[in-house]
Amino acid sequence: RKCLLVVPCMYVLLAGVYIGYLVFICVILVVLGIQGEINMAEAQQRVEKAVDEMVKELERNYIRKMQAKMFHCSAACCEDSTASMQHVHTCIERCHAPLAQAQAGVTSELERFQDRLARCTMDCSDKAKDAFDSGTKEPMVKQLLSSCVVKCVDDHINLIPSMTKKIQETLTAIGK
């Protein structure tokens, strides 16, 4: 009997979560009909880089170990030639549970981060739109939007270390 394991690459799944808010900042500019300033593009790159580094570090130092443990556990399930197919399947699911729990926890934390950043940048969009509607000249609106979005990004990049620590604690608890 053959034992097949299919486990998605955790990094790809985690990375996919934060792609949405990277695009979101640019969408705000389109909604207002304003082209992005260089510093907003740089801000977007900075938040992308910071989250990417965090995800890579978590994958390298936590997720890989959990994946290895899961694969070893699953292989042990498959080595019992007297076990029924259902028993092997149940055993493999039990081995996969901690990794699935870790994936859900990390994804949830990244989604919360994304939502907070999206709310902040939407508030910037609202402020810029209100300023534009009240007659403020376009260059001033661009500056207002740009500085607001950059502040959102800076504030949220500063949240990454505490978010990383929280995720690390969660992964450590799950991995025990």
# chains A, B, ... in the order shown; residues from 1 in each chain; ligands from 1
>>> residues_around(residues="Glu109 (chain A)", least_positions_apart="5", cutoff="9 Å", atoms="only C-alpha atoms", output="VMD selection string")
chain A and resid 104 114 163 166 to 167
>>> residues_around(residues="Ala68 (chain A)", least_positions_apart="5", cutoff="12 Å", atoms="only C-alpha atoms", output="PyMOL selection string")
chain A and resi 7+59-63+73-75+95-96+98-99+175
>>> write_last_selection(atoms="N, CA, C and O atoms", output="short mmCIF file (atom, residue, chain, number, x, y, z; two decimals), in the first residue's frame")
data_model
loop_
_atom_site.label_atom_id
_atom_site.label_comp_id
_atom_site.auth_asym_id
_atom_site.auth_seq_id
_atom_site.Cartn_x
_atom_site.Cartn_y
_atom_site.Cartn_z
N VAL A 7 0.94 18.37 0.97
CA VAL A 7 0.97 19.48 1.90
C VAL A 7 1.35 20.73 1.12
O VAL A 7 2.38 20.75 0.45
N GLU A 59 8.74 31.04 8.50
CA GLU A 59 8.78 29.80 7.73
C GLU A 59 10.07 29.04 8.00
O GLU A 59 10.06 27.84 8.26
N ARG A 60 11.16 29.75 8.00
CA ARG A 60 12.48 29.13 8.17
C ARG A 60 12.67 28.57 9.59
O ARG A 60 13.17 27.47 9.76
N ASN A 61 12.26 29.33 10.60
CA ASN A 61 12.56 28.96 11.99
C ASN A 61 11.46 28.18 12.70
O ASN A 61 11.73 27.60 13.76
N TYR A 62 10.26 28.20 12.17
CA TYR A 62 9.16 27.54 12.86
C TYR A 62 8.41 26.54 11.97
O TYR A 62 8.28 25.36 12.31
N ILE A 63 7.95 27.03 10.83
CA ILE A 63 7.09 26.20 9.97
C ILE A 63 7.84 24.99 9.43
O ILE A 63 7.30 23.88 9.43
N CYS A 73 5.97 12.04 11.32
CA CYS A 73 4.80 11.43 11.96
C CYS A 73 3.96 10.69 10.93
O CYS A 73 3.54 9.55 11.14
N SER A 74 3.73 11.33 9.79
CA SER A 74 2.92 10.72 8.73
C SER A 74 3.60 9.48 8.16
O SER A 74 2.93 8.48 7.86
N ALA A 75 4.91 9.55 8.02
CA ALA A 75 5.65 8.38 7.53
C ALA A 75 5.49 7.22 8.50
O ALA A 75 5.30 6.06 8.08
N CYS A 95 -1.45 13.91 12.43
CA CYS A 95 -0.10 14.47 12.26
C CYS A 95 -0.14 15.85 11.62
O CYS A 95 0.69 16.71 11.91
N HIS A 96 -1.10 16.06 10.73
CA HIS A 96 -1.20 17.33 9.99
C HIS A 96 -1.87 18.43 10.81
O HIS A 96 -1.68 19.62 10.54
N PRO A 98 -1.44 19.97 13.78
CA PRO A 98 -0.68 21.12 14.30
C PRO A 98 -0.26 22.10 13.21
O PRO A 98 -0.31 23.32 13.41
N LEU A 99 0.15 21.59 12.06
CA LEU A 99 0.56 22.48 10.97
C LEU A 99 -0.64 23.27 10.45
O LEU A 99 -0.53 24.46 10.18
N GLY A 175 3.64 23.83 18.41
CA GLY A 175 4.68 22.87 18.07
C GLY A 175 5.08 21.94 19.20
O GLY A 175 5.82 20.98 18.99
#
>>> closest_residue(among="A:Met85, A:Leu110, A:Ile174, A:Leu145", to="Lys127 (chain A)", atoms="only C-alpha atoms")
A:Leu145
>>> residues_around(residues="Val88 (chain A)", least_positions_apart="5", cutoff="9 Å", atoms="only C-alpha atoms", output="ChimeraX atom specification")
/A:3,74,77-78,80,83,93
>>> write_last_selection(atoms="C-alpha atoms", output="PDB file, in the first residue's frame")
ATOM      1  CA  CYS A   3       0.917   6.467   1.363  1.00  0.00           C
ATOM      2  CA  SER A  74       2.920  10.716   8.731  1.00  0.00           C
ATOM      3  CA  CYS A  77       1.614   6.136  10.185  1.00  0.00           C
ATOM      4  CA  CYS A  78       2.320   4.568   6.808  1.00  0.00           C
ATOM      5  CA  ASP A  80       2.227   0.076  10.025  1.00  0.00           C
ATOM      6  CA  ALA A  83      -3.274  -0.855   9.958  1.00  0.00           C
ATOM      7  CA  GLU A  93      -4.749  13.761   9.670  1.00  0.00           C
TER       8      GLU A  93
END
>>> atom_distance(atom1="CA of Gly105 (chain A)", atom2="CA of Leu171 (chain A)")
8.2 Å
>>> atom_distance(atom1="CA of Gln45 (chain A)", atom2="CA of Asp155 (chain A)")
14.5 Å
>>> atom_distance(atom1="CA of Met40 (chain A)", atom2="CA of Asp123 (chain A)")
15.3 Å
>>> residues_around(residues="Cys120 (chain A)", least_positions_apart="5", cutoff="12 Å", atoms="only C-alpha atoms", output="list in words")
Tyr21, Phe24, Ile25, Ile28, Phe113, Gln114, Asp115, Ser125, Asp126, Lys127, Leu145, Cys148, Val149, Val150, Lys151, Cys152, Val153, Asp154, Asp155 and His156 of chain A
>>> residues_around(residues="Arg46 (chain A)", least_positions_apart="3", cutoff="9 Å", atoms="only C-alpha atoms", output="compact mmCIF listing (two decimals) with N, CA, C and O atoms, in the first residue's frame")
# COMPACT_ATOMS: atom_id res chain seq x y z
N ALA A 41 5.11 54.88 -3.21
CA ALA A 41 5.60 53.62 -3.80
C ALA A 41 6.68 53.03 -2.92
O ALA A 41 6.72 51.81 -2.71
N GLU A 42 7.53 53.88 -2.40
CA GLU A 42 8.57 53.41 -1.48
C GLU A 42 7.96 52.84 -0.21
O GLU A 42 8.43 51.83 0.32
N ALA A 43 6.91 53.49 0.28
CA ALA A 43 6.23 53.00 1.49
C ALA A 43 5.64 51.62 1.24
O ALA A 43 5.75 50.72 2.08
N LYS A 49 8.40 44.50 1.98
CA LYS A 49 9.67 43.90 2.39
C LYS A 49 9.62 43.46 3.85
O LYS A 49 10.08 42.37 4.20
N ALA A 50 9.06 44.30 4.71
CA ALA A 50 9.01 43.98 6.14
C ALA A 50 8.15 42.73 6.40
O ALA A 50 8.55 41.84 7.17
N VAL A 51 7.01 42.65 5.76
CA VAL A 51 6.14 41.49 5.96
C VAL A 51 6.78 40.26 5.33
O VAL A 51 6.75 39.17 5.91
N VAL A 153 1.81 53.33 6.81
CA VAL A 153 2.80 52.29 6.57
C VAL A 153 3.84 52.27 7.68
O VAL A 153 4.16 51.21 8.22
N ASP A 154 4.34 53.43 8.04
CA ASP A 154 5.34 53.50 9.12
C ASP A 154 4.77 52.94 10.43
O ASP A 154 5.43 52.15 11.11
N ILE A 157 4.45 49.15 10.04
CA ILE A 157 5.76 48.47 10.05
C ILE A 157 6.26 48.37 11.49
O ILE A 157 6.84 47.36 11.89
